[in-house]
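The structure file upload.txt is reproduced below (compact mmCIF, C-alpha atoms).
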# COMPACT_ATOMS: atom_id res chain seq x y z
CA MET O 19 0.49 -6.88 1.71
CA ILE O 20 0.61 -10.15 -0.23
CA LEU O 21 3.31 -10.33 -2.88
CA ALA O 22 4.25 -13.08 -5.31
CA SER O 23 7.82 -14.27 -4.92
CA GLY O 24 8.30 -15.57 -8.42
CA TRP O 25 8.64 -19.10 -7.02
CA GLY O 26 5.61 -20.72 -8.52
CA ILE O 27 2.62 -20.46 -6.20
CA CYS O 28 4.59 -19.27 -3.19
CA SER O 29 3.09 -16.16 -1.61
CA ILE O 30 5.06 -13.69 0.45
CA LEU O 31 3.66 -11.46 3.17
CA THR O 32 5.61 -8.40 4.24
CA ILE O 33 4.63 -7.31 7.74
CA PHE O 34 5.54 -3.84 9.00
CA ASP O 35 6.29 -3.45 12.70
CA PRO O 36 7.61 -0.94 15.29
CA PHE O 37 11.11 -1.57 14.00
CA GLN O 38 10.16 -0.43 10.51
CA SER O 39 12.37 2.59 11.07
CA SER O 40 15.33 0.24 10.58
CA ARG O 41 14.02 -0.61 7.13
CA LEU O 42 13.45 3.05 6.37
CA HIS O 43 16.89 3.86 7.73
CA PHE O 44 18.38 1.32 5.36
CA ILE O 45 16.60 2.88 2.38
CA GLY O 46 17.78 6.33 3.44
CA THR O 47 21.42 5.29 3.86
CA TRP O 48 21.26 3.34 0.61
CA ARG O 49 20.12 6.47 -1.23
CA ASN O 50 23.10 8.42 0.12
CA ARG O 51 25.47 5.64 -0.95
CA TYR O 52 23.86 5.54 -4.39
CA ARG O 53 24.40 9.27 -4.89
CA LYS O 54 28.08 8.84 -4.06
CA ARG O 55 28.48 5.82 -6.36
CA PHE O 56 26.58 7.31 -9.28
CA PRO O 57 26.63 11.12 -8.84
CA SER O 58 25.69 11.80 -12.45
CA SER O 59 22.46 9.82 -12.04
CA SER O 60 21.42 11.08 -8.62
CA ASN O 61 18.87 13.47 -10.11
CA GLY O 62 17.42 11.02 -12.63
CA PHE O 63 17.44 11.42 -16.39
CA GLY O 64 14.95 14.25 -16.59
CA TYR O 65 12.33 12.44 -18.68
CA LYS O 66 9.21 12.92 -16.58
CA SER O 67 6.37 12.79 -19.08
CA SER O 68 3.45 10.88 -17.64
CA SER O 69 1.15 11.45 -20.60
CA VAL O 70 -0.84 8.34 -21.44
CA SER O 71 -1.53 9.47 -24.98
CA GLY O 72 0.65 7.75 -27.55
CA ALA O 73 0.39 10.82 -29.79
CA ALA O 74 1.66 13.15 -27.06
CA VAL O 75 5.12 11.64 -26.81
CA ASN O 76 7.90 10.63 -29.16
CA GLU O 77 7.00 7.09 -30.15
CA LYS O 78 10.69 6.28 -30.47
CA THR O 79 11.18 6.91 -26.75
CA ALA O 80 11.71 3.70 -24.79
CA ILE O 81 11.44 3.57 -21.01
CA ILE O 82 12.05 0.40 -19.01
CA HIS O 83 10.81 0.16 -15.44
CA VAL O 84 12.63 -2.57 -13.48
CA ASP O 85 11.34 -3.71 -10.10
CA MET O 86 12.69 -6.64 -8.11
CA ASP O 87 10.02 -9.06 -6.88
CA SER O 88 9.27 -9.01 -3.14
CA PHE O 89 12.75 -7.66 -2.48
CA PHE O 90 12.91 -7.73 1.32
CA VAL O 91 11.68 -11.31 1.56
CA SER O 92 13.21 -12.76 -1.59
CA VAL O 93 16.73 -11.72 -0.61
CA VAL O 94 16.38 -13.48 2.74
CA VAL O 95 14.84 -16.73 1.51
CA ARG O 96 16.72 -17.18 -1.80
CA ASN O 97 19.14 -19.73 -0.31
CA ARG O 98 16.61 -21.43 1.95
CA THR O 99 15.16 -24.18 -0.20
CA GLU O 100 13.08 -25.44 2.72
CA LEU O 101 10.90 -22.36 2.28
CA LEU O 102 10.15 -23.07 -1.37
CA ASP O 103 6.40 -22.74 -2.05
CA LYS O 104 5.71 -21.74 1.55
CA PRO O 105 4.11 -18.49 2.74
CA VAL O 106 6.82 -16.30 4.27
CA ALA O 107 6.73 -13.04 6.22
CA VAL O 108 9.64 -10.76 6.99
CA CYS O 109 9.57 -9.22 10.46
CA HIS O 110 11.91 -8.43 13.33
CA SER O 111 10.12 -10.76 15.69
CA ASP O 112 7.31 -13.29 15.75
CA ASN O 113 6.16 -11.92 19.11
CA PRO O 114 2.48 -11.05 18.48
CA ARG O 115 2.78 -8.00 20.78
CA GLY O 116 5.76 -6.63 18.88
CA VAL O 117 4.00 -5.78 15.62
CA LYS O 118 1.78 -2.82 14.78
CA ALA O 119 0.83 -0.78 11.69
CA GLY O 120 0.40 -3.10 8.66
CA MET O 121 -0.72 -6.26 10.41
CA PHE O 122 -0.29 -8.08 13.69
CA VAL O 123 1.68 -11.30 13.38
CA LYS O 124 -0.98 -13.06 15.44
CA ASP O 125 -3.62 -11.98 12.93
CA ALA O 126 -1.46 -13.10 10.03
CA LYS O 127 -0.96 -16.51 11.64
CA ILE O 128 -4.69 -16.90 12.19
CA LEU O 129 -5.25 -16.27 8.50
CA CYS O 130 -2.26 -18.41 7.55
CA PRO O 131 -1.24 -20.87 10.31
CA GLN O 132 1.68 -22.19 8.24
CA LEU O 133 3.21 -18.72 7.93
CA VAL O 134 7.00 -18.71 8.39
CA ILE O 135 8.59 -15.62 9.97
CA VAL O 136 12.08 -14.61 8.84
CA PRO O 137 14.17 -11.63 10.03
CA TYR O 138 15.45 -8.73 7.94
CA ASP O 139 19.02 -9.04 6.60
CA PHE O 140 20.21 -5.50 5.90
CA GLU O 141 23.74 -6.55 4.96
CA ALA O 142 22.35 -8.81 2.26
CA TYR O 143 19.95 -6.09 1.08
CA GLU O 144 22.85 -3.68 0.64
CA LYS O 145 24.85 -6.17 -1.42
CA VAL O 146 21.92 -7.09 -3.67
CA ALA O 147 20.95 -3.44 -4.18
CA ASP O 148 24.53 -2.69 -5.28
CA GLN O 149 24.50 -5.63 -7.68
CA PHE O 150 21.12 -4.52 -9.03
CA TYR O 151 22.31 -1.00 -9.84
CA ASP O 152 25.68 -2.15 -11.14
CA ILE O 153 23.79 -4.13 -13.78
CA LEU O 154 21.44 -1.26 -14.64
CA HIS O 155 24.28 1.22 -15.07
CA LYS O 156 26.23 -1.31 -17.10
CA HIS O 157 23.48 -1.33 -19.72
CA CYS O 158 22.19 2.23 -19.52
CA ASN O 159 23.64 5.67 -18.81
CA LYS O 160 20.24 7.21 -18.10
CA VAL O 161 19.01 5.68 -14.85
CA GLN O 162 16.45 7.17 -12.49
CA ALA O 163 16.52 5.40 -9.13
CA VAL O 164 13.21 5.01 -7.31
CA SER O 165 14.33 2.82 -4.42
CA CYS O 166 16.94 0.22 -3.58
CA ASP O 167 15.15 -2.31 -5.80
CA GLU O 168 13.33 -0.20 -8.39
CA ALA O 169 14.38 2.11 -11.22
CA PHE O 170 13.50 3.62 -14.58
CA LEU O 171 15.84 3.40 -17.57
CA ASP O 172 15.69 5.63 -20.62
CA VAL O 173 16.99 3.21 -23.28
CA THR O 174 15.92 5.25 -26.30
CA GLU O 175 19.51 5.50 -27.51
CA SER O 176 20.61 2.02 -26.41
CA GLU O 177 22.88 0.13 -28.77
CA VAL O 178 20.79 -3.00 -28.21
CA GLY O 179 17.98 -1.45 -30.20
CA ASP O 180 15.16 -3.68 -29.00
CA PRO O 181 14.06 -2.60 -25.48
CA GLN O 182 12.27 -5.90 -24.92
CA LEU O 183 15.48 -7.82 -25.59
CA LEU O 184 17.42 -5.46 -23.34
CA ALA O 185 14.88 -5.94 -20.53
CA SER O 186 15.28 -9.71 -20.85
CA ILE O 187 19.07 -9.44 -20.71
CA ILE O 188 18.93 -7.20 -17.62
CA ARG O 189 16.46 -9.46 -15.81
CA LYS O 190 18.59 -12.55 -16.49
CA GLU O 191 21.73 -10.83 -15.23
CA ILE O 192 19.92 -9.73 -12.08
CA LEU O 193 18.78 -13.30 -11.43
CA ASP O 194 22.23 -14.74 -12.10
CA ALA O 195 23.96 -12.19 -9.87
CA THR O 196 21.53 -12.03 -6.95
CA GLY O 197 19.45 -15.20 -7.05
CA CYS O 198 16.34 -13.00 -7.03
CA THR O 199 13.86 -12.28 -9.80
CA ALA O 200 12.91 -8.91 -11.24
CA SER O 201 10.00 -7.81 -13.42
CA ALA O 202 10.07 -5.16 -16.12
CA GLY O 203 7.64 -2.92 -17.95
CA ILE O 204 8.45 -1.25 -21.27
CA ALA O 205 6.58 1.71 -22.76
CA VAL O 206 7.00 5.22 -24.20
CA ASN O 207 6.78 6.96 -20.81
CA MET O 208 7.32 6.32 -17.13
CA LEU O 209 3.66 5.95 -16.17
CA MET O 210 2.89 3.33 -18.79
CA ALA O 211 6.14 1.49 -18.09
CA ARG O 212 5.25 1.30 -14.40
CA LEU O 213 1.76 0.04 -15.19
CA ALA O 214 3.28 -2.54 -17.54
CA THR O 215 5.44 -3.83 -14.69
CA LYS O 216 2.33 -4.42 -12.58
CA THR O 217 0.97 -6.56 -15.40
CA ALA O 218 4.29 -8.40 -15.71
CA LYS O 219 4.69 -9.37 -12.06
CA PRO O 220 5.91 -11.70 -10.80
CA ASP O 221 9.09 -12.59 -12.71
CA GLY O 222 7.96 -11.38 -16.11
CA GLN O 223 7.99 -8.44 -18.47
CA CYS O 224 5.35 -6.56 -20.44
CA TYR O 225 5.61 -4.19 -23.39
CA ILE O 226 2.85 -1.70 -24.13
CA PRO O 227 3.40 -0.18 -27.62
CA PRO O 228 2.06 3.34 -28.27
CA GLU O 229 -0.78 2.09 -30.45
CA LYS O 230 -1.99 -0.23 -27.68
CA ILE O 231 -2.09 2.35 -24.86
CA ASP O 232 -5.77 3.22 -25.32
CA ASP O 233 -6.75 -0.46 -25.38
CA TYR O 234 -4.67 -1.15 -22.27
CA LEU O 235 -6.23 1.73 -20.33
CA CYS O 236 -9.77 0.98 -21.46
CA THR O 237 -10.52 -1.57 -18.73
CA LEU O 238 -7.72 -0.71 -16.29
CA PRO O 239 -9.15 0.05 -12.81
CA VAL O 240 -8.42 3.60 -11.66
CA LYS O 241 -6.90 2.22 -8.44
CA ALA O 242 -4.04 0.85 -10.55
CA LEU O 243 -2.84 4.41 -11.21
CA PRO O 244 -0.07 5.76 -8.95
CA GLY O 245 -1.52 8.26 -6.48
CA ILE O 246 -5.02 6.79 -6.45
CA GLY O 247 -5.62 5.69 -2.86
CA HIS O 248 -8.69 4.36 -1.10
CA VAL O 249 -10.15 7.81 -0.44
CA LEU O 250 -9.88 9.07 -4.02
CA GLU O 251 -11.02 5.70 -5.38
CA ALA O 252 -14.15 5.92 -3.22
CA LYS O 253 -14.87 9.46 -4.47
CA LEU O 254 -14.54 8.34 -8.07
CA LYS O 255 -16.81 5.35 -7.49
CA LYS O 256 -19.50 7.73 -6.26
CA ARG O 257 -19.34 9.31 -9.71
CA GLN O 258 -19.52 5.86 -11.31
CA ILE O 259 -15.90 6.07 -12.41
CA LYS O 260 -14.17 2.74 -12.03
CA THR O 261 -11.90 2.46 -15.07
CA CYS O 262 -9.29 4.71 -16.66
CA ALA O 263 -11.46 4.93 -19.78
CA GLN O 264 -14.26 6.46 -17.69
CA LEU O 265 -11.78 8.74 -15.93
CA ARG O 266 -10.52 10.19 -19.21
CA LEU O 267 -14.04 11.38 -20.06
CA ILE O 268 -14.09 13.97 -17.28
CA SER O 269 -12.06 17.17 -17.02
CA GLN O 270 -9.12 17.48 -14.68

Any chance you could give the structure as structure tokens?
Amino acid sequence: MILASGWGICSILTIFDPFQSSRLHFIGTWRNRYRKRFPSSSNGFGYKSSSVSGAAVNEKTAIIHVDMDSFFVSVVVRNRTELLDKPVAVCHSDNPRGVKAGMFVKDAKILCPQLVIVPYDFEAYEKVADQFYDILHKHCNKVQAVSCDEAFLDVTESEVGDPQLLASIIRKEILDATGCTASAGIAVNMLMARLATKTAKPDGQCYIPPEKIDDYLCTLPVKALPGIGHVLEAKLKKRQIKTCAQLRLISQ
């Protein structure tokens, strides 16, 4: 999976290997720690509307989706200036026989001979994740954690008033505290906020106002929607459905 690091043209490749369980173990233990640190937010803020119709939700509702850019690689390489603008992969080993699932390292190096392999740093991930959520909870009392580096904020009642300004403040504080960039999407519901983040990446933010939702979805590929995988995308293509606008014309 190729991800943009937020460092200019640098591309980052995350390779999953037989030791991926360590990564998953980290996420699992992080979630338990998060529940203990923020028990009142462990179940989210309860706003789960995924309607894409601006008329179907309260237009005053403001949801910010914050997602750190290429978290597992960015945390490791943030202090390694020699890797600036170089393709980097995070993996337990650069032994070609030690990697399965996502991609073999040997295959990655054939495609990108200059690829630099760096190891996971779970201690650093834990610290950055804590800093990330400390900042989110500082600015919002309605936080719904998605993962160690991703969350939704219901900022409808924020004292800041302007959700775009608040997103900018949060992103700057994340960068100052962690040395890593984060992107943000702002919209009236969680689905549109998440889609806005995809548009914003890397190291940016995007606001989709209610009156612009239809225009935004008009040409958006269906594969951009959460839950649309290769199999479902292929089925939709057989029915000549490639965009969200075309998808909305058929019944559920």

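With atom CA of O:Val146 on one side and atom CA of O:Pro57 on the other, the separation reads 19.5 Å.
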
Point out the residue among O:Leu213, O:Pro239, O:Lys219, O:Gln270 with the least atom-to-atom distance to O:Lys255, counting only C-alpha atoms. O:Pro239

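Using all atoms listed in the file, the nearest neighbour of O:Met210 within the list O:Val84, O:Ile188, O:Leu243, O:Ala142 is O:Leu243.
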
What is the atom CA of O:Glu168 to atom CA of O:Lys241 distance in Å? 20.4 Å

Write out as a list in words which residues come within 7 Å of stretch 257-264 of chain O when counting only C-alpha atoms, dropping same-chain ones fewer than 5 positions away.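 Here the answer would be Leu235, Cys236, Thr237, Leu238, Pro239 and Val240 of chain O.
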
Could you work out how far atom CA of O:Arg266 lies from atom CA of O:Ala202, giving the answer in Å with one decimal?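 Computing the Euclidean distance for atom CA of O:Ala202 and atom CA of O:Arg266 yields 25.9 Å.
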
Closest of O:Cys198, O:Leu267, O:Ala214, O:Ile82 to O:Arg96, counting all atoms listed in the file, is O:Cys198

Starting from the point (4.2, -2.8, -27.9), work out which residues of protein, DNA or RNA have an atom no more than 10 Å away when counting all atoms listed in the file; state them as a list in words. Gln182, Ile204, Ala205, Val206, Cys224, Tyr225, Ile226, Pro227, Pro228, Glu229, Lys230 and Ile231 of chain O

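Taking all atoms listed in the file into account, O:Gln132 lies nearest to O:Val106 out of the set O:Val106, O:Ala147, O:Ile153, O:Ala211.
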
Which residue gives the smallest distance to O:Cys166 among O:Ile246, O:Met86, O:Val123, O:Val93, with all atoms listed in the file counted?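 Among the listed residues, O:Met86 lies closest to O:Cys166.
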
Extract, using all atoms listed in the file, all DNA, RNA and protein residues at most 12 Å from O:Phe56, discarding same-chain residues fewer than 2 positions from it, and format them as JSON, numbers by chain. {"O": [48, 49, 50, 51, 52, 53, 54, 58, 59, 60, 61, 62, 148, 151, 152, 154, 155, 156, 159, 160, 161, 162, 163]}

Among listed residues O:Arg41, O:Asp85, O:Phe170, O:Ile135, nearest O:Ile192 (using only C-alpha atoms):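 The answer is O:Asp85, which sits nearest to O:Ile192.
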
Could you put an axis-aligned box around every listed atom of stretch 183-199 of chain O, padded by 3 Å on each side, and send me its centre and edge lengths in Å to one decimal, as AutoDock Vina command-line options?
--center_x 18.9 --center_y -10.3 --center_z -16.3 --size_x 16.1 --size_y 15.7 --size_z 24.6

Leaving out O:Thr174 and any residue of its chain fewer than 4 positions from it, which residues lie within 7 Å of it when counting all atoms listed in the file, given as a PDB file with C-alpha atoms, in the coordinates of the input?
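Generated output (selection02.pdb):
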ATOM      1  CA  LYS O  78      10.690   6.280 -30.470  1.00  0.00           C
ATOM      2  CA  THR O  79      11.180   6.910 -26.750  1.00  0.00           C
ATOM      3  CA  ALA O  80      11.710   3.700 -24.790  1.00  0.00           C
TER       4      ALA O  80
END
